[in-house]
Amino acid sequence: MGIWGALTGRTQPKQANLDSLFLVPSAAVALQTTIGFTPTGDGSVCYRAATGVAFDSVQSEVVELLRSTADTPEIRVSTDGFGYSWIEIDREPGADVEGLCTGLHAVNTSLESQGFGPGLLCTVIGFADASDRRLGLVYLYKQGTFYPFAPKGPEQRDNMLEIQARDVLSGELPIEQDLSRWLAVWGAPGL
Amino acid sequence: MARSRFVGDAGLTARMTLVMFLLGAVFVGLIVGLMYAFRGSGIAILIGVGGIGFAVYQWYNSDKVAMKAMRAREVTPEEAPELHGMIDRLCALADMPKPRVGIADTAVPNAFATGRSPERSVVCVTTGILQTLTAEELEGVLAHELSHVAHRDVLVMTVAASAGITAGMLAQGAQYGAFFGGGRRDNNGGLPVWLVVLIVSIVTYAVSFVLLRILSRYRELSADRAGAHLTLNPGALASALQKISGDMSKIPQKDLRQVSAASALCIAPALKGSDISSLFATHPPLEKRLEQLAKIQAELGRPTI
C-alpha cells in the first residue's frame, strides 16, 4: 500500500497488533518490585462500536464467553463521553495477571476475527499502590506500544509517577516514545 | 486470518488513476507545445518554471494560506479539549501523526484540512459546524478531514493543478503581449507566436480545469470512504453531510463569497453552483456520497458467520 495507496485514495484501515499484551505479566512483576504497584485485577478494552446488528451480536457473544470462564469475573460494558465502548473485566484484587490478559485477548481476537480489528483503540490494566494511588498501563493497539497513565484528582495527571513508571517499564515493554500519543483516558473503567 | 470489512471501489480507483494520467499528459502537451512555438527561446521555459514555482509555493504554504483565507486561528488542547480529545483518539485509531487544530469564527458550517505533509498539516473547523453538529457527526467530519491528510490531497491537487496554473499565467502573459519581442522568429509566416501561445494556454487551462474538478470529486468520495471506515459509523457522516448541505444553501450569498477561495478543501462546497452543470462541481452530489456511505454501512452490519 503505502504512498501509492495514499495517492490513489485507497488507504485501508490499520489493523490492530495483538501480540504484545502477553508481555504484561512480567512487566507487572517489575512494577511491583520496583515501585510497589500491584495489579487491581481490573482491566478493560476500549473500542469503536460499529453500527449494525453484526457488531451487537459479536459484542454480546464476547460478554457471554467471558462470563462463562472458570472464575466468573464481573463483566461490565459502558460507553464513554467520546462515544467509545469499554468492556471491563473485574477480577479479585491479587488474581493473576495472566488470567486477566487471557480475558482481554479473548475480546480482541473475537472482534478481530469478525473484521472489527480496526475499531480497537486501547486496553487499560489497573495498578494501585499501598497509599491507593492509581496507575493504568495503557496499550495502544495500532502503535503496538504501552504507556503509563496516572490520574490524580479530577482531570489531572501525576506526570512524575508516569515518568517513573516509564523508566521501570522501558526494559520490559515497547514504550510509546511520542508523548503526544499518551492519551488521557479519564474515567477509564477500573482506574 | 482476520476478515476485512473494507469496501473497495476498483472502478473509482481506475477512474482516478486515468484522470491523474490525463492531467500529466496535458502538462506534457503544454510543455511540448510551448517548446515547439518558441523553438529555443528562453522566455517560455522561464514562465513554465515560474508557474511550477508558484504551484510549489502554494503547496508549501498551504496551511498558512488556507488558515488566513478562512480567518482561522490555531487552538491549544486547553482551549478546545473536546475537539483535541476527539482528534487524539482518531489519530491513535488511524496510527497517523496528530495535525494542528484550528477554529474559524464564521457561521458557515464547514471544515477543511490542509498542509504540505501529514506531519505539517492543520485540521480546521468553523464555529458554525461546532454549533450545528452533534459530537458523533462532528467526529465523522473530522475523520473525513483526517483522511484528506492521510491521502496527501493538498500535494496531489497542487501537482494536478500545476499545468492549469502555468497555462493561466501564459495566457495572461500573451494577452499583455509579453511575447512580442520574445520569439525572434515567427512561425514560418503562419500565426504569430503570441496567438499560438494564447490558444494553447486557454485550451490547456480549460481541459485541466474540468479534469481537476473530476479528480476533486473522486478524492472526496475516497475521503468519505476512509473516514467512514475509521469511525465505523458511516451514518454519522451521512447525517452531518445532509445537515451541512441543507444549511449551506440557506445562508446568504454575501458570507459565502468570502470563503470561496478555500472551497475545494472543504467538507462541503461553500459556494453552491446552482445552474452550472455538475461537471464543474468540486464535490460529488450528496446522493452519490450518501449512496457510498450506505454501502459501507451495509458491509459493516453484515451478520457474522
# chains A, B, ... in the order shown; residues from 1 in each chain; ligands from 1
$ residues_around --residues "region 101-108 of chain A" --least-positions-apart "3" --cutoff "8 Å" --atoms "only C-alpha atoms" --output "ChimeraX atom specification"
/A:18,21-22,24,43-45,62,66,89,97-98,111-112,117,120,123
$ write_last_selection --atoms "C-alpha atoms" --output "CSV table (one decimal), in the first residue's frame"
chain,number,residue,atom,x,y,z
A,18,LEU,CA,-2.5,-8.1,19.5
A,21,LEU,CA,-0.4,-8.0,25.6
A,22,PHE,CA,1.3,-11.1,26.8
A,24,VAL,CA,2.2,-7.5,30.6
A,43,GLY,CA,-8.7,-4.5,33.0
A,44,SER,CA,-10.6,-3.1,30.1
A,45,VAL,CA,-10.7,-2.9,26.3
A,62,VAL,CA,-17.8,-11.9,23.8
A,66,LEU,CA,-16.1,-14.0,29.4
A,89,ILE,CA,-13.1,-7.3,33.3
A,97,VAL,CA,-2.4,-11.0,35.6
A,98,GLU,CA,-2.1,-13.9,33.1
A,111,LEU,CA,-13.6,-8.5,17.5
A,112,GLU,CA,-10.8,-9.0,15.0
A,117,GLY,CA,-10.0,-5.2,14.5
A,120,LEU,CA,-9.8,-1.4,18.7
A,123,THR,CA,-6.6,-1.6,26.6
$ residues_around --residues "region 150-167 of chain B" --least-positions-apart "5" --cutoff "6 Å" --atoms "only C-alpha atoms" --output "list of chain:residue names"
A:Ala6, A:Leu7, A:Gly9, B:Phe27, B:Gly48, B:Gly51, B:Ile52, B:Ala55, B:Ser201, B:Tyr205, B:Ser208
$ write_last_selection --atoms "C-alpha atoms" --output "compact mmCIF listing (two decimals), in the first residue's frame"
# COMPACT_ATOMS: atom_id res chain seq x y z
CA ALA A 6 -2.41 7.24 -0.35
CA LEU A 7 -2.10 8.87 -3.76
CA GLY A 9 -7.02 7.49 -2.03
CA PHE B 27 1.06 19.06 -18.71
CA GLY B 48 6.94 27.47 -17.19
CA GLY B 51 4.31 28.53 -12.95
CA ILE B 52 5.68 25.39 -11.33
CA ALA B 55 2.43 25.84 -7.51
CA SER B 201 -2.76 28.01 -22.94
CA TYR B 205 -6.41 25.61 -18.95
CA SER B 208 -7.15 20.76 -16.93
$ interface_residues --of "chain A" --to "chain B" --cutoff "9 Å" --atoms "only C-alpha atoms" --output "PyMOL selection string"
chain A and resi 3+5-14+16+48-55+57-58+82-83+109+112-122+140-143+180-181+183-184
$ write_last_selection --atoms "C-alpha atoms" --output "tab-separated table (two decimals), in the first residue's frame"
chain	number	residue	atom	x	y	z
A	3	ILE	CA	2.43	6.02	-0.87
A	5	GLY	CA	-2.37	3.71	-1.69
A	6	ALA	CA	-2.41	7.24	-0.35
A	7	LEU	CA	-2.10	8.87	-3.76
A	8	THR	CA	-4.97	6.82	-5.17
A	9	GLY	CA	-7.02	7.49	-2.03
A	10	ARG	CA	-7.23	3.85	-1.06
A	11	THR	CA	-5.74	3.77	2.44
A	12	GLN	CA	-7.19	0.78	4.26
A	13	PRO	CA	-8.00	0.71	7.96
A	14	LYS	CA	-4.99	-0.04	10.15
A	16	ALA	CA	-4.52	-3.95	15.45
A	48	ARG	CA	-15.32	1.85	18.50
A	49	ALA	CA	-18.64	0.05	18.31
A	50	ALA	CA	-19.56	-0.29	14.65
A	51	THR	CA	-23.15	0.40	13.66
A	52	GLY	CA	-25.35	-2.52	12.76
A	53	VAL	CA	-26.54	-5.83	14.14
A	54	ALA	CA	-23.31	-7.68	13.32
A	55	PHE	CA	-21.34	-5.78	15.88
A	57	SER	CA	-24.08	-9.82	18.24
A	58	VAL	CA	-20.27	-10.09	18.36
A	82	PHE	CA	-16.22	10.32	23.31
A	83	GLY	CA	-18.55	7.58	22.06
A	109	THR	CA	-9.49	-11.87	18.89
A	112	GLU	CA	-10.76	-9.04	15.01
A	113	SER	CA	-11.98	-12.34	13.61
A	114	GLN	CA	-15.24	-10.64	12.62
A	115	GLY	CA	-13.46	-7.78	10.86
A	116	PHE	CA	-13.73	-5.21	13.61
A	117	GLY	CA	-10.00	-5.18	14.49
A	118	PRO	CA	-9.58	-1.63	13.10
A	119	GLY	CA	-12.00	-0.39	15.76
A	120	LEU	CA	-9.76	-1.36	18.70
A	121	LEU	CA	-8.28	1.73	20.38
A	122	CYS	CA	-6.54	0.72	23.61
A	140	LEU	CA	-2.29	1.22	22.07
A	141	TYR	CA	-3.36	-1.44	19.59
A	142	LYS	CA	-2.42	0.40	16.42
A	143	GLN	CA	1.00	1.52	17.55
A	180	SER	CA	1.61	13.41	22.49
A	181	ARG	CA	0.22	9.90	21.98
A	183	LEU	CA	-3.93	9.81	25.60
A	184	ALA	CA	-5.62	10.91	28.78
$ atom_distance --atom1 "CA of Glu287 (chain B)" --atom2 "CA of Ser245 (chain B)"
11.1 Å
$ select_by_dssp --residues "chain A" --states "alpha helix (DSSP H)" --output "PyMOL selection string"
chain A and resi 2-7+24-35+53-67+97-113+159-169
$ atom_distance --atom1 "CA of Ile244 (chain B)" --atom2 "CA of Asp80 (chain A)"
26.2 Å
$ atom_distance --atom1 "CA of Val196 (chain B)" --atom2 "CA of Leu211 (chain B)"
22.5 Å
$ residues_around --residues "Leu191 (chain A)" --least-positions-apart "5" --cutoff "7 Å" --atoms "only C-alpha atoms" --output "list in words"
Gly126, Arg134 and Gly136 of chain A
$ residues_around --residues "Ile103 (chain B)" --least-positions-apart "6" --cutoff "10 Å" --atoms "only C-alpha atoms" --output "JSON, numbers by chain"
{"B": [67, 70, 71, 72, 73, 74, 75, 80, 83, 111, 123, 124, 125, 126, 127, 128, 129, 130]}
$ select_by_dssp --residues "region 42-176 of chain B" --states "strand (DSSP E)" --output "PyMOL selection string"
chain B and resi 72-74+100-104+111-115+121-126
